[in-house]
Amino acid sequence: MTITPELAPVPAAPSLALYLHIPFCRTRCTYCAFNTYTGLDRLIEPYTRALAHEIRVVGGTERRAAHTIYFGGGTPSLVPPDLLVEVLAACADAFTLAEPTEVTLETNPATVDLDALKALRQIGINRISIGMQSAHASELKLFARGHTADDVRDTVRLARRAGFDNLSLDLIYGNPGQTFAMWQTSLDAALSMQPEHLSMYSLGIEDGTPMQRWVARGQVEPPDADLAADMYEWAIERLARAGFEQYEISNWAKPGYECEHNLQYWRDLPYLGLGAGAHGYAGGLRYSTVLRPADYIARMMVQPPPLPFPRTAAWLDSEAIDAQDEMAEIMVTGLRLTRTGVEAETFQARTGQGLWAVYGEQIRQLIRDGLLEQSGSHVRLTPRGRLLGNLVFEAFV
Ligand code: SF4
């Protein structure tokens, strides 16, 4: 296999996606390994100002194009709207934003009231993602979620009243003690709230979490992978009947409501990760930023000499992505897109290499194994491949 040392240039300078990490939560969920902190509310204001500063610094005077802004966390809804508006103003000053720009805010039920939701809508948040996770009190308690099933309904109702017409719910399945019937009622409860978008994740047992300790000590049953697979397959059918299209392994949308921000990741296109503990990919580099909010604020207060885009003083680590890495990443992220998968001409335009010339052997074997299929110039996962995604991705790395 011959690999050219440099990627062919992407045809047009691709518009950026902006990920803004808000690392604060009220309580810590028992399965969570995200970079988030409780008891640091006093840092919310200086942190948000530091974030606005970083956005202006990285944008510089170039005013590069951007088309999505995503407040992720953490619990971004803990930041008052009058501070979020400063962050949005920084984005508008530092980047040429598309019209419209998708602006998502992750929120947890019972962290926002109607006035806050109205204010969020008014400052330009046009997509809201609500962490529902389950409709069952026993699971919410096991997860220490800090909200009830009724809180989810209330938050959705209030979000609608505030004018949100692009609303996503998150659910977790494959949970300890969760029966198939419980999963069915959770998903049906989510559907009864008529979201435009649903994300569903199989519970991961992450190192360093209470859940991991409980499972290791035998206090909590480990997830049953076969049952989780049955839940996933049932959900695919149930959501299709409800008019949702699956567009990614874990994501479904009503037509036209796919998450543009997350599509940027799966298309292996550039995004900036800003804030503490964020990850980004731009300028041929993957990078991560300093984890602790206090360290992040301190770094943003010093004024280093101008750094080459996309580097900022918040960077902790970075890795250059060479042509071989880039091709593997296009496969691993692109195959997550269940409808489109990886398209041969796009692969050629991005890499200067033929998809079949580079990966024909692996693709043909995975087709024989029933994990991939060819549809015109697209290569994508089969229904069985969606269940065994990691096995497929391993073939390309
Ligand atoms: S609300 Fe989200 S980010 Fe915060 S602890 Fe729970 S899972 Fe983690």
# chains A, B, ... in the order shown; residues from 1 in each chain; ligands from 1
$ residues_around --residues "His261 (chain A)" --least-positions-apart "6" --cutoff "8 Å" --atoms "only C-alpha atoms" --output "PyMOL selection string"
chain A and resi 17+68-70+102
$ write_last_selection --atoms "C-alpha atoms" --output "mmCIF file, in the first residue's frame"
data_model
loop_
_atom_site.group_PDB
_atom_site.id
_atom_site.type_symbol
_atom_site.label_atom_id
_atom_site.label_comp_id
_atom_site.auth_asym_id
_atom_site.auth_seq_id
_atom_site.Cartn_x
_atom_site.Cartn_y
_atom_site.Cartn_z
ATOM 1 C CA ALA A 17 -17.750 23.638 14.691
ATOM 2 C CA THR A 68 -22.284 25.302 15.018
ATOM 3 C CA ILE A 69 -21.795 26.213 18.674
ATOM 4 C CA TYR A 70 -22.248 23.495 21.268
ATOM 5 C CA GLU A 102 -26.983 25.693 15.197
#
$ residues_near_ligand --ligand "ligand 1" --cutoff "8 Å" --atoms "only C-alpha atoms and all ligand atoms" --output "VMD selection string"
chain A and resid 23 to 37 73 to 75 108 131 145
$ closest_residue --among "A:Arg121, A:Arg339, A:Arg368, A:Arg350" --to "Arg380 (chain A)" --atoms "only C-alpha atoms"
A:Arg339
$ closest_atom_pairs --of "region 100-149 of chain A" --to "region 175-179 of chain A" --cutoff "12 Å" --atoms "only C-alpha atoms" --output "CSV"
residue,atom,partner,partner_atom,distance
A:Gln133,CA,A:Asn175,CA,10.3
A:Ser134,CA,A:Asn175,CA,9.8
A:Ala135,CA,A:Gln178,CA,11.3
A:His136,CA,A:Gln178,CA,9.4
A:Ala137,CA,A:Gln178,CA,11.5
A:Ser138,CA,A:Gly177,CA,9.0
A:Glu139,CA,A:Gln178,CA,7.7
A:Leu140,CA,A:Asn175,CA,10.6
A:Lys141,CA,A:Pro176,CA,12.0
A:Leu142,CA,A:Pro176,CA,8.8
A:Phe143,CA,A:Asn175,CA,9.6
$ write_last_selection --atoms "N, CA and C atoms" --output "mmCIF file, in the first residue's frame"
data_model
loop_
_atom_site.group_PDB
_atom_site.id
_atom_site.type_symbol
_atom_site.label_atom_id
_atom_site.label_comp_id
_atom_site.auth_asym_id
_atom_site.auth_seq_id
_atom_site.Cartn_x
_atom_site.Cartn_y
_atom_site.Cartn_z
ATOM 1 N N GLN A 133 -32.201 10.169 30.518
ATOM 2 C CA GLN A 133 -31.538 8.908 30.904
ATOM 3 C C GLN A 133 -32.493 7.764 31.191
ATOM 4 N N SER A 134 -33.566 7.973 31.955
ATOM 5 C CA SER A 134 -34.488 6.878 32.261
ATOM 6 C C SER A 134 -35.809 7.473 32.728
ATOM 7 N N ALA A 135 -36.866 6.663 32.619
ATOM 8 C CA ALA A 135 -38.161 7.085 33.165
ATOM 9 C C ALA A 135 -38.424 6.426 34.510
ATOM 10 N N HIS A 136 -37.437 5.697 35.033
ATOM 11 C CA HIS A 136 -37.669 4.911 36.257
ATOM 12 C C HIS A 136 -36.919 5.489 37.448
ATOM 13 N N ALA A 137 -37.662 5.651 38.553
ATOM 14 C CA ALA A 137 -37.059 6.222 39.765
ATOM 15 C C ALA A 137 -35.872 5.372 40.235
ATOM 16 N N SER A 138 -35.984 4.038 40.106
ATOM 17 C CA SER A 138 -34.897 3.176 40.619
ATOM 18 C C SER A 138 -33.599 3.432 39.844
ATOM 19 N N GLU A 139 -33.703 3.619 38.526
ATOM 20 C CA GLU A 139 -32.486 3.862 37.734
ATOM 21 C C GLU A 139 -31.928 5.258 37.983
ATOM 22 N N LEU A 140 -32.821 6.232 38.072
ATOM 23 C CA LEU A 140 -32.352 7.602 38.324
ATOM 24 C C LEU A 140 -31.642 7.660 39.687
ATOM 25 N N LYS A 141 -32.146 6.858 40.628
ATOM 26 C CA LYS A 141 -31.510 6.819 41.959
ATOM 27 C C LYS A 141 -30.141 6.132 41.862
ATOM 28 N N LEU A 142 -30.097 5.012 41.161
ATOM 29 C CA LEU A 142 -28.820 4.306 40.989
ATOM 30 C C LEU A 142 -27.778 5.227 40.347
ATOM 31 N N PHE A 143 -28.223 6.053 39.412
ATOM 32 C CA PHE A 143 -27.311 6.965 38.711
ATOM 33 C C PHE A 143 -27.035 8.238 39.501
#
$ select_by_dssp --residues "region 36-257 of chain A" --states "alpha helix (DSSP H)" --output "PyMOL selection string"
chain A and resi 44-59+81-94+114-122+137-142+149-161+180-192+210-216+225-241
$ closest_residue --among "A:Ala89, A:Leu337, A:Met331, A:Ala98" --to "Glu245 (chain A)" --atoms "only C-alpha atoms"
A:Leu337
$ residues_around --residues "Trp214 (chain A)" --least-positions-apart "4" --cutoff "12 Å" --atoms "only C-alpha atoms" --output "ChimeraX atom specification"
/A:30-31,142-143,176,205-210,218-223
$ atom_distance --atom1 "CA of Leu263 (chain A)" --atom2 "CA of Glu248 (chain A)"
8.8 Å
$ residues_around --residues "Gln246 (chain A)" --least-positions-apart "6" --cutoff "8 Å" --atoms "only C-alpha atoms" --output "PyMOL selection string"
chain A and resi 236+240+252-253+338-339
$ write_last_selection --atoms "N, CA, C and O atoms" --output "PDB file, in the first residue's frame"
ATOM      1  N   ILE A 236     -34.337   0.341  17.570  1.00  0.00           N
ATOM      2  CA  ILE A 236     -34.227   0.696  16.146  1.00  0.00           C
ATOM      3  C   ILE A 236     -35.597   0.561  15.475  1.00  0.00           C
ATOM      4  O   ILE A 236     -36.052   1.447  14.744  1.00  0.00           O
ATOM      5  N   ALA A 240     -38.116   3.667  14.271  1.00  0.00           N
ATOM      6  CA  ALA A 240     -38.501   3.743  12.850  1.00  0.00           C
ATOM      7  C   ALA A 240     -40.018   3.878  12.751  1.00  0.00           C
ATOM      8  O   ALA A 240     -40.536   4.677  11.967  1.00  0.00           O
ATOM      9  N   TRP A 252     -30.772   9.341  16.576  1.00  0.00           N
ATOM     10  CA  TRP A 252     -31.949   9.293  15.717  1.00  0.00           C
ATOM     11  C   TRP A 252     -32.542  10.697  15.638  1.00  0.00           C
ATOM     12  O   TRP A 252     -32.492  11.449  16.624  1.00  0.00           O
ATOM     13  N   ALA A 253     -33.135  11.031  14.490  1.00  0.00           N
ATOM     14  CA  ALA A 253     -33.734  12.355  14.364  1.00  0.00           C
ATOM     15  C   ALA A 253     -34.963  12.288  13.474  1.00  0.00           C
ATOM     16  O   ALA A 253     -35.060  11.433  12.580  1.00  0.00           O
ATOM     17  N   THR A 338     -24.801   5.751   9.981  1.00  0.00           N
ATOM     18  CA  THR A 338     -25.417   4.505   9.540  1.00  0.00           C
ATOM     19  C   THR A 338     -26.067   4.609   8.157  1.00  0.00           C
ATOM     20  O   THR A 338     -26.150   3.617   7.445  1.00  0.00           O
ATOM     21  N   ARG A 339     -26.523   5.794   7.768  1.00  0.00           N
ATOM     22  CA  ARG A 339     -27.156   5.922   6.449  1.00  0.00           C
ATOM     23  C   ARG A 339     -26.118   6.077   5.358  1.00  0.00           C
ATOM     24  O   ARG A 339     -26.194   5.470   4.313  1.00  0.00           O
TER      25      ARG A 339
END
$ closest_residue --among "A:Gln212, A:Tyr173, A:Ser250, A:Thr101" --to "Asp224 (chain A)" --atoms "only C-alpha atoms"
A:Tyr173
$ atom_distance --atom1 "CA of His53 (chain A)" --atom2 "CA of Gly277 (chain A)"
16.3 Å
$ residues_around --residues "Ala242 (chain A)" --least-positions-apart "2" --cutoff "12 Å" --atoms "only C-alpha atoms" --output "NGL selection string"
:A and (187-188 or 190-192 or 194-198 or 235-240 or 244-246 or 252-255)
$ select_by_dssp --residues "region 135-250 of chain A" --states "strand (DSSP E or B)" --output "list in words"
Leu167, Ser168, Leu169, Asp170, Leu171, Ile172, Tyr173, His197, Leu198, Ser199, Met200, Tyr201, Ser202, Glu245, Gln246, Tyr247 and Glu248 of chain A
$ write_last_selection --atoms "N, CA, C and O atoms" --output "CSV table (one decimal), in the first residue's frame"
chain,number,residue,atom,x,y,z
A,167,LEU,N,-35.5,19.8,20.0
A,167,LEU,CA,-35.2,19.4,21.4
A,167,LEU,C,-34.8,17.9,21.3
A,167,LEU,O,-35.4,17.1,20.6
A,168,SER,N,-33.7,17.6,22.0
A,168,SER,CA,-33.2,16.2,22.0
A,168,SER,C,-33.2,15.7,23.4
A,168,SER,O,-33.1,16.4,24.4
A,169,LEU,N,-33.5,14.4,23.5
A,169,LEU,CA,-33.5,13.7,24.8
A,169,LEU,C,-32.4,12.6,24.8
A,169,LEU,O,-32.2,11.9,23.7
A,170,ASP,N,-31.7,12.5,25.9
A,170,ASP,CA,-30.7,11.4,26.0
A,170,ASP,C,-31.2,10.3,26.9
A,170,ASP,O,-31.8,10.5,27.9
A,171,LEU,N,-31.0,9.1,26.5
A,171,LEU,CA,-31.3,7.9,27.3
A,171,LEU,C,-30.2,6.9,27.4
A,171,LEU,O,-29.3,6.9,26.5
A,172,ILE,N,-30.2,6.2,28.5
A,172,ILE,CA,-29.1,5.2,28.7
A,172,ILE,C,-29.8,3.8,28.8
A,172,ILE,O,-30.8,3.7,29.5
A,173,TYR,N,-29.2,2.8,28.2
A,173,TYR,CA,-29.8,1.4,28.3
A,173,TYR,C,-28.7,0.5,28.6
A,173,TYR,O,-27.5,0.8,28.6
A,197,HIS,N,-35.2,14.8,18.4
A,197,HIS,CA,-34.0,14.0,18.3
A,197,HIS,C,-33.8,13.2,19.5
A,197,HIS,O,-34.2,13.6,20.6
A,198,LEU,N,-33.2,12.0,19.4
A,198,LEU,CA,-32.9,11.1,20.5
A,198,LEU,C,-31.5,10.6,20.4
A,198,LEU,O,-31.1,10.2,19.3
A,199,SER,N,-30.8,10.6,21.5
A,199,SER,CA,-29.5,9.9,21.6
A,199,SER,C,-29.7,8.8,22.6
A,199,SER,O,-30.2,9.0,23.7
A,200,MET,N,-29.2,7.6,22.3
A,200,MET,CA,-29.3,6.5,23.2
A,200,MET,C,-27.9,5.8,23.4
A,200,MET,O,-27.4,5.4,22.3
A,201,TYR,N,-27.5,5.7,24.6
A,201,TYR,CA,-26.1,5.1,24.8
A,201,TYR,C,-26.2,3.9,25.7
A,201,TYR,O,-27.0,3.9,26.7
A,202,SER,N,-25.5,2.9,25.4
A,202,SER,CA,-25.4,1.7,26.2
A,202,SER,C,-24.5,2.1,27.4
A,202,SER,O,-23.4,2.7,27.2
A,245,GLU,N,-35.4,8.7,11.9
A,245,GLU,CA,-34.4,8.1,11.1
A,245,GLU,C,-33.1,8.0,11.9
A,245,GLU,O,-32.7,8.9,12.5
A,246,GLN,N,-32.6,6.8,11.9
A,246,GLN,CA,-31.3,6.6,12.5
A,246,GLN,C,-30.2,7.1,11.6
A,246,GLN,O,-30.2,6.8,10.4
A,247,TYR,N,-29.4,8.0,12.1
A,247,TYR,CA,-28.3,8.5,11.2
A,247,TYR,C,-26.9,8.3,11.7
A,247,TYR,O,-26.0,8.5,11.0
A,248,GLU,N,-26.9,7.8,13.0
A,248,GLU,CA,-25.6,7.5,13.6
A,248,GLU,C,-25.8,6.3,14.5
A,248,GLU,O,-27.0,6.1,14.9
$ atom_distance --atom1 "CA of Phe396 (chain A)" --atom2 "CA of Glu343 (chain A)"
15.4 Å
$ closest_residue --among "A:Leu388, A:Leu51, A:Leu18, A:Met301" --to "Ala225 (chain A)" --atoms "only C-alpha atoms"
A:Leu388
$ residues_around --residues "Ile321 (chain A)" --least-positions-apart "5" --cutoff "8 Å" --atoms "only C-alpha atoms" --output "MDAnalysis selection string"
chainID A and resid 284:286 326
$ decode --residues "region 250-261 of chain A" --atoms "all heavy atoms" --output "CSV table (one decimal), in the first residue's frame"
chain,number,residue,atom,x,y,z
A,250,SER,N,-25.7,5.8,17.6
A,250,SER,CA,-26.5,6.1,18.8
A,250,SER,C,-27.4,7.3,18.7
A,250,SER,O,-27.9,7.8,19.7
A,250,SER,CB,-25.5,6.4,19.9
A,250,SER,OG,-24.5,5.4,20.1
A,251,ASN,N,-27.7,7.7,17.4
A,251,ASN,CA,-28.5,8.9,17.3
A,251,ASN,C,-29.6,8.8,16.2
A,251,ASN,O,-29.4,8.3,15.1
A,251,ASN,CB,-27.6,10.1,16.9
A,251,ASN,CG,-26.8,10.6,18.1
A,251,ASN,OD1,-27.3,11.4,18.9
A,251,ASN,ND2,-25.6,10.1,18.3
A,252,TRP,N,-30.8,9.3,16.6
A,252,TRP,CA,-31.9,9.3,15.7
A,252,TRP,C,-32.5,10.7,15.6
A,252,TRP,O,-32.5,11.4,16.6
A,252,TRP,CB,-33.0,8.4,16.3
A,252,TRP,CG,-32.7,6.9,16.2
A,252,TRP,CD1,-33.3,6.0,15.3
A,252,TRP,CD2,-31.8,6.1,17.0
A,252,TRP,NE1,-32.8,4.8,15.5
A,252,TRP,CE2,-31.9,4.8,16.6
A,252,TRP,CE3,-31.0,6.4,18.1
A,252,TRP,CZ2,-31.2,3.8,17.1
A,252,TRP,CZ3,-30.2,5.4,18.6
A,252,TRP,CH2,-30.3,4.1,18.2
A,253,ALA,N,-33.1,11.0,14.5
A,253,ALA,CA,-33.7,12.4,14.4
A,253,ALA,C,-35.0,12.3,13.5
A,253,ALA,O,-35.1,11.4,12.6
A,253,ALA,CB,-32.7,13.3,13.8
A,254,LYS,N,-35.9,13.2,13.7
A,254,LYS,CA,-36.9,13.4,12.7
A,254,LYS,C,-36.3,14.1,11.5
A,254,LYS,O,-35.2,14.7,11.7
A,254,LYS,CB,-38.0,14.4,13.3
A,254,LYS,CG,-38.9,13.7,14.4
A,254,LYS,CD,-39.9,12.9,13.7
A,254,LYS,CE,-40.7,12.0,14.7
A,254,LYS,NZ,-41.8,12.7,15.3
A,255,PRO,N,-36.8,13.8,10.3
A,255,PRO,CA,-36.1,14.4,9.1
A,255,PRO,C,-35.8,15.9,9.3
A,255,PRO,O,-36.6,16.7,9.6
A,255,PRO,CB,-37.1,14.1,8.0
A,255,PRO,CG,-37.9,12.9,8.5
A,255,PRO,CD,-38.0,13.1,10.0
A,256,GLY,N,-34.5,16.2,9.0
A,256,GLY,CA,-34.1,17.6,9.1
A,256,GLY,C,-33.6,18.0,10.4
A,256,GLY,O,-33.1,19.2,10.6
A,257,TYR,N,-33.6,17.1,11.4
A,257,TYR,CA,-33.2,17.5,12.8
A,257,TYR,C,-31.9,16.8,13.3
A,257,TYR,O,-31.7,16.7,14.4
A,257,TYR,CB,-34.3,17.3,13.8
A,257,TYR,CG,-35.5,18.3,13.6
A,257,TYR,CD1,-36.6,18.0,12.8
A,257,TYR,CD2,-35.4,19.5,14.3
A,257,TYR,CE1,-37.6,18.9,12.7
A,257,TYR,CE2,-36.4,20.4,14.1
A,257,TYR,CZ,-37.5,20.1,13.3
A,257,TYR,OH,-38.5,21.1,13.2
A,258,GLU,N,-31.1,16.3,12.3
A,258,GLU,CA,-29.8,15.7,12.7
A,258,GLU,C,-29.0,16.8,13.4
A,258,GLU,O,-29.1,18.0,13.1
A,258,GLU,CB,-29.1,15.2,11.5
A,258,GLU,CG,-29.8,14.1,10.8
A,258,GLU,CD,-30.8,14.5,9.8
A,258,GLU,OE1,-31.1,15.7,9.6
A,258,GLU,OE2,-31.4,13.6,9.1
A,259,CYS,N,-28.1,16.4,14.3
A,259,CYS,CA,-27.3,17.4,15.0
A,259,CYS,C,-26.1,17.7,14.1
A,259,CYS,O,-25.2,16.9,13.9
A,259,CYS,CB,-26.8,16.8,16.4
A,259,CYS,SG,-25.7,17.9,17.2
A,260,GLU,N,-26.1,19.0,13.6
A,260,GLU,CA,-25.1,19.4,12.7
A,260,GLU,C,-23.7,19.4,13.4
A,260,GLU,O,-22.7,19.1,12.8
A,260,GLU,CB,-25.4,20.8,12.2
A,260,GLU,CG,-26.4,20.9,11.1
A,260,GLU,CD,-26.0,20.1,9.9
A,260,GLU,OE1,-24.8,20.1,9.5
A,260,GLU,OE2,-26.9,19.5,9.3
A,261,HIS,N,-23.7,19.8,14.7
A,261,HIS,CA,-22.4,19.8,15.4
A,261,HIS,C,-21.8,18.4,15.4
A,261,HIS,O,-20.6,18.3,15.1
A,261,HIS,CB,-22.7,20.4,16.8
A,261,HIS,CG,-21.4,20.5,17.6
A,261,HIS,ND1,-20.6,21.6,17.4
A,261,HIS,CD2,-20.7,19.7,18.4
A,261,HIS,CE1,-19.5,21.4,18.2
A,261,HIS,NE2,-19.6,20.3,18.8
